[in-house]
2 protein chains.
Amino acid sequence: MRPKIYLLGDSITEDSFEDGGWGASLANHFSRTGDLDSGFDWLYEIFGTLCYLFDVQVDVVLRGYSGYNTRWVLKVLDKVFHAVEGGDGFEPLAVTVFFGANDACLPDRCSAFQHVPLEEYKRNLLSVISSLKKRWSKTQIILITPPPIDEETRLRFPFIENPLGLPERTNEAAGAYAKACIAVAKECGIPVVDLWTRMQQVPDWQNACLRDGLHLSRGGNRIVFEEVVMKLKDEGLSLEVLPVDLPLLANIDPSDPLKAFQQY
Amino acid sequence: MRPKIYLLGDSITEDSFEDGGWGASLANHFSRTGDLDSGFDWLYEIFGTLCYLFDVQVDVVLRGYSGYNTRWVLKVLDKVFHAVEGGDGFEPLAVTVFFGANDACLPDRCSAFQHVPLEEYKRNLLSVISSLKKRWSKTQIILITPPPIDEETRLRFPFIENPLGLPERTNEAAGAYAKACIAVAKECGIPVVDLWTRMQQVPDWQNACLRDGLHLSRGGNRIVFEEVVMKLKDEGLSLEVLPVDLPLLANIDPSDPLKAFQQY
């Protein structure tokens, strides 16, 4: 069974297979040939086929639910992961848990129905994590904080009618939920990508990282991809250590190709 | 269980989650929000939330093996699909079978070890199809022919040493394997994407559709994506008819969001 990484989250996860999306990039990174980018061509030149030994295969499985907050996802978590229950062989390598952007909608603005109070958000995140840990004791959980919010741009991309003319989310609120997410990660001893802080380190992050003040641009997707790959690597889940399930072309002897397939 | 579409093939499948790749595009197309592109915004404006009823969810699963031909993949087919055996619930919606580019390597050129004679290629394709049909009687199989070859460009991208200085593949040979693939599809009564012909209808297909004379450019990837979506639609597997597994945001009542989750 090819190992799996699940991406659980809201629309920022659901959209992650768009062009340049962080989910598609992860799937490509963990495809058989990996994605050593062109800067690493010299590796191939020096080590040749040895490089292919770094190749791994992981299925990246999308479980993004647009608009969802932690309160709603808790209601459906059993259904989301229903079919992947069972034996150890089905235990995923990792699950990214990426919620908070909707919980952080302000309670007195147009998207109030998505709002979840900060303390409940923390409790809910803890419940999601404990539910996953109960199901799969060895699976690596990685939290991702909500991204920063560009309030001005949000006004131009309303999801529903906005008679108040005020943004439904603020960067300050997103920051509070990001801090709560980090606190939960610390409490559980699991890694967290602090996207809220990381993105605001980028010059002109409002346009460089976001496309509508909330969802990710190509540059923002790249950051999530790189940060998740780094966290996975920190936890020992990198191209260098994960196995390949079937013979790679570079390990097939051109003078006797079928030898590589004798064991199958 | 979320329905699955498997992509089985060689490097053109393995690379399909690269930026702009046809696999990633399929995964995005079949994510919960689909990918009605911007030209279809008017649909949202007229039908509003009804549009979301078109949304579906399918896992697109990558099973690409760089360099493989039909002879090699037959040796490992049981292992490739080992874990997805079993009950009807695990039967995938569809499998794309995309081989021939390596089989068509010429037997007297530098990549001869990947060559498979034309008649054996046909027999092997038939065996792959009958093996899949035996495993899953209801799964839709879609064949894809090898793409055309730009021989001149191939010389600049050798996989191994090429002392002869002649291209390891020719467009004529690729065309013969494409025709054989189409004949197999006809014999089995299954759909086939004739990529070899389709791509050569594009002006400057050598550069518009290919990036190294064999593998796909962004434009080539777009064609495979569109053709596969069309074939799936012809077989009744389209956004309009496939179900959604959990409430969509547009179907959640803002005045009582939790009502949508009562059944879970």
# chains A, B, ... in the order shown; residues from 1 in each chain; ligands from 1
>>> interface_residues(of="chain B", to="chain A", cutoff="7 Å", atoms="only C-alpha atoms", output="list in words")
Met1, Glu14, Phe17, Glu18, Asp19, Gly20, Ala24, Ser25, Ala27, Asn28, Ser31, Arg32, Asp59, Val61, Ser66, Gly67, Lys75, Val76, Ala83, Phe113, Leu249, Pro254, Ser255, Pro257, Phe261 and Tyr264 of chain B
>>> write_last_selection(atoms="N, CA and C atoms", output="tab-separated table (two decimals), in the first residue's frame")
chain	number	residue	atom	x	y	z
B	1	MET	N	-16.95	6.24	1.13
B	1	MET	CA	-15.64	6.25	0.43
B	1	MET	C	-15.73	7.17	-0.77
B	14	GLU	N	3.47	9.96	-14.66
B	14	GLU	CA	4.19	10.25	-13.41
B	14	GLU	C	4.42	11.76	-13.22
B	17	PHE	N	1.51	15.69	-12.17
B	17	PHE	CA	1.18	16.63	-11.09
B	17	PHE	C	2.17	17.78	-11.04
B	18	GLU	N	3.00	17.89	-12.08
B	18	GLU	CA	3.84	19.08	-12.19
B	18	GLU	C	2.96	20.30	-12.41
B	19	ASP	N	3.55	21.46	-12.33
B	19	ASP	CA	2.82	22.71	-12.51
B	19	ASP	C	2.08	22.69	-13.86
B	20	GLY	N	0.77	22.81	-13.82
B	20	GLY	CA	-0.01	22.79	-15.05
B	20	GLY	C	-0.26	21.38	-15.58
B	24	ALA	N	-2.90	16.91	-12.02
B	24	ALA	CA	-3.27	17.94	-11.03
B	24	ALA	C	-4.53	18.67	-11.48
B	25	SER	N	-4.64	18.94	-12.79
B	25	SER	CA	-5.83	19.62	-13.30
B	25	SER	C	-7.08	18.76	-13.10
B	27	ALA	N	-7.45	16.49	-10.71
B	27	ALA	CA	-7.71	16.50	-9.27
B	27	ALA	C	-8.44	17.78	-8.88
B	28	ASN	N	-8.03	18.88	-9.47
B	28	ASN	CA	-8.68	20.15	-9.16
B	28	ASN	C	-10.09	20.19	-9.74
B	31	SER	N	-12.24	18.31	-7.48
B	31	SER	CA	-12.29	18.70	-6.07
B	31	SER	C	-13.69	19.22	-5.81
B	32	ARG	N	-14.02	19.54	-4.58
B	32	ARG	CA	-15.40	19.88	-4.25
B	32	ARG	C	-15.93	21.07	-5.05
B	59	ASP	N	-11.10	11.38	-5.79
B	59	ASP	CA	-9.66	11.33	-5.56
B	59	ASP	C	-8.98	10.89	-6.85
B	61	VAL	N	-5.73	9.48	-8.32
B	61	VAL	CA	-4.59	8.77	-7.74
B	61	VAL	C	-3.56	8.45	-8.82
B	66	SER	N	7.89	5.99	-14.53
B	66	SER	CA	8.78	6.53	-15.55
B	66	SER	C	9.55	5.43	-16.27
B	67	GLY	N	9.53	5.49	-17.59
B	67	GLY	CA	10.32	4.55	-18.39
B	67	GLY	C	9.62	3.24	-18.68
B	75	LYS	N	4.10	-7.03	-15.34
B	75	LYS	CA	4.77	-7.78	-14.27
B	75	LYS	C	4.37	-7.28	-12.89
B	76	VAL	N	3.97	-6.02	-12.81
B	76	VAL	CA	3.76	-5.42	-11.48
B	76	VAL	C	2.31	-5.00	-11.25
B	83	ALA	N	-3.61	-3.13	-3.04
B	83	ALA	CA	-4.33	-2.68	-1.85
B	83	ALA	C	-5.73	-2.17	-2.17
B	113	PHE	N	16.30	-1.08	-25.01
B	113	PHE	CA	15.87	-1.97	-23.91
B	113	PHE	C	14.43	-1.68	-23.48
B	249	LEU	N	-20.84	24.56	1.35
B	249	LEU	CA	-21.09	25.84	2.01
B	249	LEU	C	-22.39	26.48	1.53
B	254	PRO	N	-27.20	29.91	6.70
B	254	PRO	CA	-26.47	30.82	7.59
B	254	PRO	C	-27.18	31.06	8.92
B	255	SER	N	-28.52	30.92	8.93
B	255	SER	CA	-29.23	31.19	10.18
B	255	SER	C	-29.23	29.97	11.11
B	257	PRO	N	-26.53	26.96	10.82
B	257	PRO	CA	-25.53	26.16	10.10
B	257	PRO	C	-25.50	24.69	10.52
B	261	PHE	N	-25.62	19.49	9.47
B	261	PHE	CA	-24.74	18.43	9.97
B	261	PHE	C	-25.45	17.45	10.89
B	264	TYR	N	-24.92	13.64	10.68
B	264	TYR	CA	-23.59	13.03	10.84
B	264	TYR	C	-23.27	12.72	12.31
>>> residues_around(residues="Glu120 of chain A", least_positions_apart="4", cutoff="10 Å", atoms="only C-alpha atoms", output="PyMOL selection string")
chain A and resi 70-71+103+116+124-126
>>> write_last_selection(atoms="N, CA and C atoms", output="PDB file, in the first residue's frame")
ATOM      1  N   THR A  70     -13.864  24.775  12.485  1.00  0.00           N
ATOM      2  CA  THR A  70     -13.558  23.589  13.317  1.00  0.00           C
ATOM      3  C   THR A  70     -14.828  22.971  13.913  1.00  0.00           C
ATOM      4  N   ARG A  71     -15.850  23.795  14.136  1.00  0.00           N
ATOM      5  CA  ARG A  71     -17.093  23.254  14.713  1.00  0.00           C
ATOM      6  C   ARG A  71     -17.757  22.305  13.722  1.00  0.00           C
ATOM      7  N   ASP A 103     -13.211  30.192  11.213  1.00  0.00           N
ATOM      8  CA  ASP A 103     -13.504  30.418  12.641  1.00  0.00           C
ATOM      9  C   ASP A 103     -13.290  31.893  12.984  1.00  0.00           C
ATOM     10  N   VAL A 116     -16.420  31.027  14.952  1.00  0.00           N
ATOM     11  CA  VAL A 116     -16.336  30.163  16.136  1.00  0.00           C
ATOM     12  C   VAL A 116     -15.498  30.928  17.166  1.00  0.00           C
ATOM     13  N   ASN A 124     -11.856  22.824  19.871  1.00  0.00           N
ATOM     14  CA  ASN A 124     -12.175  22.019  18.682  1.00  0.00           C
ATOM     15  C   ASN A 124     -10.922  21.460  18.025  1.00  0.00           C
ATOM     16  N   LEU A 125      -9.906  22.311  17.893  1.00  0.00           N
ATOM     17  CA  LEU A 125      -8.639  21.839  17.302  1.00  0.00           C
ATOM     18  C   LEU A 125      -8.077  20.687  18.119  1.00  0.00           C
ATOM     19  N   LEU A 126      -8.122  20.825  19.459  1.00  0.00           N
ATOM     20  CA  LEU A 126      -7.658  19.740  20.337  1.00  0.00           C
ATOM     21  C   LEU A 126      -8.460  18.468  20.076  1.00  0.00           C
TER      22      LEU A 126
END
>>> closest_residue(among="A:Gly220, A:Gly189, A:Pro203, A:Pro3", to="Glu235 of chain A", atoms="only C-alpha atoms")
A:Gly189
>>> atom_distance(atom1="atom CA of Leu8 of chain B", atom2="atom CA of Leu237 of chain B")
18.1 Å
>>> atom_distance(atom1="atom CA of Glu187 of chain A", atom2="atom CA of Ile142 of chain A")
13.1 Å
>>> calpha_fit_and_write(fixed="chain A", moving="chain B", output="tab-separated table (two decimals) with C-alpha atoms, in the first residue's frame")
chain	number	residue	atom	x	y	z
B	1	MET	CA	0.00	0.02	-0.01
B	2	ARG	CA	1.44	3.35	-1.00
B	3	PRO	CA	1.70	5.66	2.02
B	4	LYS	CA	-0.67	8.61	2.17
B	5	ILE	CA	-0.60	12.18	3.34
B	6	TYR	CA	-4.06	13.69	3.97
B	7	LEU	CA	-4.70	17.40	3.61
B	8	LEU	CA	-7.61	18.33	5.90
B	9	GLY	CA	-8.86	21.88	5.89
B	10	ASP	CA	-11.13	24.53	4.41
B	11	SER	CA	-11.12	26.21	0.98
B	12	ILE	CA	-7.40	26.97	1.20
B	13	THR	CA	-6.92	23.21	1.23
B	14	GLU	CA	-9.76	22.48	-1.20
B	15	ASP	CA	-8.17	24.84	-3.75
B	16	SER	CA	-4.71	23.38	-3.26
B	17	PHE	CA	-4.71	21.44	-6.54
B	18	GLU	CA	-5.24	24.57	-8.60
B	19	ASP	CA	-2.43	25.60	-10.92
B	20	GLY	CA	0.63	26.12	-8.71
B	21	GLY	CA	-1.32	24.93	-5.65
B	22	TRP	CA	0.47	23.61	-2.57
B	23	GLY	CA	-1.36	20.27	-2.63
B	24	ALA	CA	-0.47	19.56	-6.26
B	25	SER	CA	3.12	20.59	-5.52
B	26	LEU	CA	3.24	18.13	-2.62
B	27	ALA	CA	1.82	15.37	-4.82
B	28	ASN	CA	4.47	16.11	-7.41
B	29	HIS	CA	7.21	16.34	-4.79
B	30	PHE	CA	6.27	12.88	-3.53
B	31	SER	CA	5.70	11.31	-6.96
B	32	ARG	CA	8.28	8.73	-7.98
B	33	THR	CA	10.70	11.23	-9.49
B	34	GLY	CA	10.38	13.85	-6.79
B	35	ASP	CA	10.94	17.37	-7.95
B	36	LEU	CA	14.63	18.16	-7.58
B	37	ASP	CA	14.41	21.46	-9.38
B	38	SER	CA	16.69	22.52	-12.13
B	39	GLY	CA	19.18	24.10	-9.74
B	40	PHE	CA	19.97	20.57	-8.56
B	41	ASP	CA	20.91	19.15	-11.95
B	42	TRP	CA	24.51	18.97	-10.78
B	43	LEU	CA	23.40	16.34	-8.25
B	44	TYR	CA	22.34	14.10	-11.10
B	45	GLU	CA	25.55	14.80	-12.92
B	46	ILE	CA	27.70	13.79	-9.94
B	47	PHE	CA	25.67	11.00	-8.39
B	48	GLY	CA	23.81	9.76	-11.44
B	49	THR	CA	21.35	7.01	-10.65
B	50	LEU	CA	22.06	7.28	-6.93
B	51	CYS	CA	19.86	10.35	-6.99
B	52	TYR	CA	16.93	8.20	-7.92
B	53	LEU	CA	17.31	6.33	-4.64
B	54	PHE	CA	15.96	9.46	-3.02
B	55	ASP	CA	12.73	9.00	-4.93
B	56	VAL	CA	9.62	8.16	-3.02
B	57	GLN	CA	5.98	7.65	-3.62
B	58	VAL	CA	3.25	9.06	-1.49
B	59	ASP	CA	-0.40	9.61	-2.34
B	60	VAL	CA	-1.44	13.11	-1.39
B	61	VAL	CA	-5.16	13.00	-0.64
B	62	LEU	CA	-7.31	16.11	-0.64
B	63	ARG	CA	-9.91	16.56	2.08
B	64	GLY	CA	-10.67	20.26	1.82
B	65	TYR	CA	-14.13	21.63	2.67
B	66	SER	CA	-14.75	25.16	1.51
B	67	GLY	CA	-16.18	27.43	4.18
B	68	TYR	CA	-15.83	24.91	7.02
B	69	ASN	CA	-14.73	25.87	10.50
B	70	THR	CA	-13.56	23.57	13.31
B	71	ARG	CA	-17.09	23.25	14.69
B	72	TRP	CA	-18.45	21.89	11.44
B	73	VAL	CA	-15.54	19.61	10.62
B	74	LEU	CA	-15.83	17.93	14.02
B	75	LYS	CA	-19.36	16.89	13.03
B	76	VAL	CA	-18.15	15.07	9.94
B	77	LEU	CA	-14.67	13.85	10.92
B	78	ASP	CA	-15.79	10.23	11.23
B	79	LYS	CA	-17.32	10.36	7.79
B	80	VAL	CA	-14.27	12.08	6.25
B	81	PHE	CA	-11.96	9.32	7.42
B	82	HIS	CA	-14.51	6.52	7.60
B	83	ALA	CA	-13.05	4.41	4.81
B	84	VAL	CA	-9.43	4.75	5.85
B	85	GLU	CA	-10.00	3.13	9.23
B	86	GLY	CA	-8.60	-0.27	9.96
B	87	GLY	CA	-5.25	-1.97	10.07
B	88	ASP	CA	-1.89	-0.44	10.54
B	89	GLY	CA	-1.17	-0.63	6.81
B	90	PHE	CA	-3.76	2.05	6.21
B	91	GLU	CA	-2.33	4.48	8.71
B	92	PRO	CA	-1.38	7.64	6.81
B	93	LEU	CA	2.12	9.05	7.11
B	94	ALA	CA	0.79	12.48	7.94
B	95	VAL	CA	-2.26	14.73	8.07
B	96	THR	CA	-2.12	18.49	7.70
B	97	VAL	CA	-4.85	20.24	9.72
B	98	PHE	CA	-5.47	23.71	8.37
B	99	PHE	CA	-8.44	25.52	9.95
B	100	GLY	CA	-9.05	28.91	11.48
B	101	ALA	CA	-9.60	31.26	8.55
B	102	ASN	CA	-13.38	30.74	8.86
B	103	ASP	CA	-13.49	30.41	12.64
B	104	ALA	CA	-11.90	33.88	12.68
B	105	CYS	CA	-14.76	35.54	10.78
B	106	LEU	CA	-16.00	38.34	13.03
B	107	PRO	CA	-19.23	37.60	14.96
B	108	ASP	CA	-20.79	40.95	14.03
B	109	ARG	CA	-20.01	41.00	10.33
B	110	CYS	CA	-21.53	39.43	7.20
B	111	SER	CA	-19.92	35.98	7.57
B	112	ALA	CA	-20.83	35.65	11.25
B	113	PHE	CA	-22.41	32.22	10.68
B	114	GLN	CA	-18.90	30.82	10.11
B	115	HIS	CA	-17.50	32.37	13.30
B	116	VAL	CA	-16.32	30.16	16.15
B	117	PRO	CA	-15.21	31.83	19.43
B	118	LEU	CA	-11.49	31.66	20.10
B	119	GLU	CA	-11.70	29.36	23.12
B	120	GLU	CA	-14.00	26.95	21.29
B	121	TYR	CA	-11.62	27.02	18.29
B	122	LYS	CA	-8.83	25.82	20.60
B	123	ARG	CA	-11.01	23.10	22.11
B	124	ASN	CA	-12.18	21.99	18.66
B	125	LEU	CA	-8.63	21.83	17.30
B	126	LEU	CA	-7.65	19.72	20.32
B	127	SER	CA	-10.62	17.42	19.61
B	128	VAL	CA	-9.65	17.05	15.94
B	129	ILE	CA	-6.10	16.16	16.96
B	130	SER	CA	-7.12	13.71	19.68
B	131	SER	CA	-9.59	12.05	17.30
B	132	LEU	CA	-6.85	11.61	14.69
B	133	LYS	CA	-4.36	10.37	17.29
B	134	LYS	CA	-6.88	7.87	18.64
B	135	ARG	CA	-7.47	6.57	15.13
B	136	TRP	CA	-3.82	6.49	14.08
B	137	SER	CA	-1.22	6.55	16.82
B	138	LYS	CA	1.78	6.85	14.52
B	139	THR	CA	0.48	9.40	12.02
B	140	GLN	CA	2.29	12.74	12.07
B	141	ILE	CA	-0.13	15.61	12.50
B	142	ILE	CA	0.95	19.04	11.26
B	143	LEU	CA	-1.05	22.13	12.15
B	144	ILE	CA	-1.17	25.15	9.86
B	145	THR	CA	-2.32	28.54	11.17
B	146	PRO	CA	-4.70	30.73	9.16
B	147	PRO	CA	-2.95	33.12	6.76
B	148	PRO	CA	-2.91	36.88	7.32
B	149	ILE	CA	-5.86	38.88	6.01
B	150	ASP	CA	-5.75	41.88	3.69
B	151	GLU	CA	-8.90	43.64	4.82
B	152	GLU	CA	-9.06	46.18	2.01
B	153	THR	CA	-8.97	43.49	-0.67
B	154	ARG	CA	-11.55	41.36	1.18
B	155	LEU	CA	-14.14	44.10	0.58
B	156	ARG	CA	-13.82	43.48	-3.15
B	157	PHE	CA	-14.47	39.73	-2.81
B	158	PRO	CA	-17.55	39.23	-0.62
B	159	PHE	CA	-18.92	35.69	-0.36
B	160	ILE	CA	-22.37	36.98	0.60
B	161	GLU	CA	-24.14	40.32	0.76
B	162	ASN	CA	-22.24	42.81	2.88
B	163	PRO	CA	-24.59	45.69	3.76
B	164	LEU	CA	-22.25	46.99	6.50
B	165	GLY	CA	-19.44	47.52	3.99
B	166	LEU	CA	-16.93	46.26	6.56
B	167	PRO	CA	-14.55	43.35	6.00
B	168	GLU	CA	-15.85	40.02	7.38
B	169	ARG	CA	-12.35	39.14	8.61
B	170	THR	CA	-9.53	41.24	10.08
B	171	ASN	CA	-5.82	40.53	10.19
B	172	GLU	CA	-5.81	41.07	13.93
B	173	ALA	CA	-8.45	38.40	14.50
B	174	ALA	CA	-6.65	35.99	12.16
B	175	GLY	CA	-3.51	36.61	14.23
B	176	ALA	CA	-5.31	35.72	17.47
B	177	TYR	CA	-6.50	32.43	15.96
B	178	ALA	CA	-2.99	31.79	14.61
B	179	LYS	CA	-1.57	32.24	18.13
B	180	ALA	CA	-4.21	29.89	19.52
B	181	CYS	CA	-3.31	27.32	16.88
B	182	ILE	CA	0.37	27.57	17.85
B	183	ALA	CA	-0.55	27.15	21.52
B	184	VAL	CA	-2.51	23.99	20.70
B	185	ALA	CA	0.45	22.61	18.73
B	186	LYS	CA	2.75	23.27	21.68
B	187	GLU	CA	0.30	21.64	24.07
B	188	CYS	CA	0.12	18.54	21.88
B	189	GLY	CA	3.82	18.48	21.01
B	190	ILE	CA	3.20	18.57	17.28
B	191	PRO	CA	4.70	20.81	14.59
B	192	VAL	CA	2.93	23.90	13.35
B	193	VAL	CA	3.41	26.11	10.30
B	194	ASP	CA	2.90	29.70	11.48
B	195	LEU	CA	1.63	30.95	8.17
B	196	TRP	CA	0.26	34.18	9.61
B	197	THR	CA	3.74	35.30	10.69
B	198	ARG	CA	5.68	33.70	7.83
B	199	MET	CA	3.65	35.40	5.10
B	200	GLN	CA	3.86	38.82	6.70
B	201	GLN	CA	7.65	38.60	6.38
B	202	VAL	CA	7.22	38.76	2.59
B	203	PRO	CA	7.40	42.27	1.07
B	204	ASP	CA	3.97	43.27	-0.26
B	205	TRP	CA	2.51	40.08	1.26
B	206	GLN	CA	-1.00	41.36	0.53
B	207	ASN	CA	-0.39	40.81	-3.18
B	208	ALA	CA	2.59	38.46	-3.12
B	209	CYS	CA	0.92	35.80	-0.96
B	210	LEU	CA	-2.83	36.36	-1.36
B	211	ARG	CA	-5.14	36.69	-4.35
B	212	ASP	CA	-8.32	37.99	-2.72
B	213	GLY	CA	-7.10	39.07	0.68
B	214	LEU	CA	-7.63	35.55	2.07
B	215	HIS	CA	-6.97	32.77	-0.45
B	216	LEU	CA	-3.47	32.05	-1.70
B	217	SER	CA	-1.68	33.38	-4.74
B	218	ARG	CA	0.89	31.24	-6.53
B	219	GLY	CA	3.56	32.73	-4.24
B	220	GLY	CA	1.49	31.99	-1.14
B	221	ASN	CA	0.96	28.42	-2.30
B	222	ARG	CA	4.71	28.03	-2.75
B	223	ILE	CA	5.28	29.11	0.85
B	224	VAL	CA	2.77	26.60	2.24
B	225	PHE	CA	4.33	23.85	0.10
B	226	GLU	CA	7.86	24.66	1.26
B	227	GLU	CA	6.89	25.00	4.92
B	228	VAL	CA	4.98	21.70	4.93
B	229	VAL	CA	7.86	19.89	3.20
B	230	MET	CA	10.22	21.33	5.84
B	231	LYS	CA	8.01	20.21	8.73
B	232	LEU	CA	7.66	16.74	7.21
B	233	LYS	CA	11.44	16.58	6.84
B	234	ASP	CA	11.92	17.62	10.47
B	235	GLU	CA	9.76	14.64	11.40
B	236	GLY	CA	11.79	12.25	9.27
B	237	LEU	CA	9.38	12.17	6.34
B	238	SER	CA	11.62	13.30	3.50
B	239	LEU	CA	12.56	12.16	0.03
B	240	GLU	CA	15.79	10.75	1.42
B	241	VAL	CA	14.22	8.22	3.74
B	242	LEU	CA	10.90	7.15	2.24
B	243	PRO	CA	10.94	3.94	0.18
B	244	VAL	CA	10.00	3.33	-3.45
B	245	ASP	CA	7.56	0.49	-4.14
B	246	LEU	CA	8.59	-0.67	-7.62
B	247	PRO	CA	11.88	-0.66	-9.58
B	248	LEU	CA	12.93	2.76	-10.83
B	249	LEU	CA	14.11	3.10	-14.41
B	250	ALA	CA	17.62	3.94	-13.19
B	251	ASN	CA	17.74	0.63	-11.32
B	252	ILE	CA	16.68	-1.45	-14.31
B	253	ASP	CA	19.61	-3.11	-16.09
B	254	PRO	CA	19.37	-2.20	-19.80
B	255	SER	CA	21.03	-5.50	-20.73
B	256	ASP	CA	18.45	-7.54	-18.78
B	257	PRO	CA	15.46	-5.35	-17.89
B	258	LEU	CA	13.20	-8.17	-16.71
B	259	LYS	CA	15.64	-9.16	-13.94
B	260	ALA	CA	14.34	-6.18	-11.93
B	261	PHE	CA	10.83	-7.66	-12.08
B	262	GLN	CA	11.63	-11.24	-11.10
B	263	GLN	CA	10.29	-10.88	-7.60
B	264	TYR	CA	6.85	-9.69	-8.74
>>> select_by_dssp(residues="segment 19-191 of chain A", states="alpha helix (DSSP H)", output="number ranges by chain")
A: 22-29, 41-47, 70-80, 118-135, 151-154, 171-188
>>> select_by_dssp(residues="segment 16-228 of chain A", states="strand (DSSP E or B)", output="JSON, numbers by chain")
{"A": [59, 60, 61, 62, 63, 64, 94, 95, 96, 97, 98, 140, 141, 142, 143, 144, 192, 193, 210, 216]}
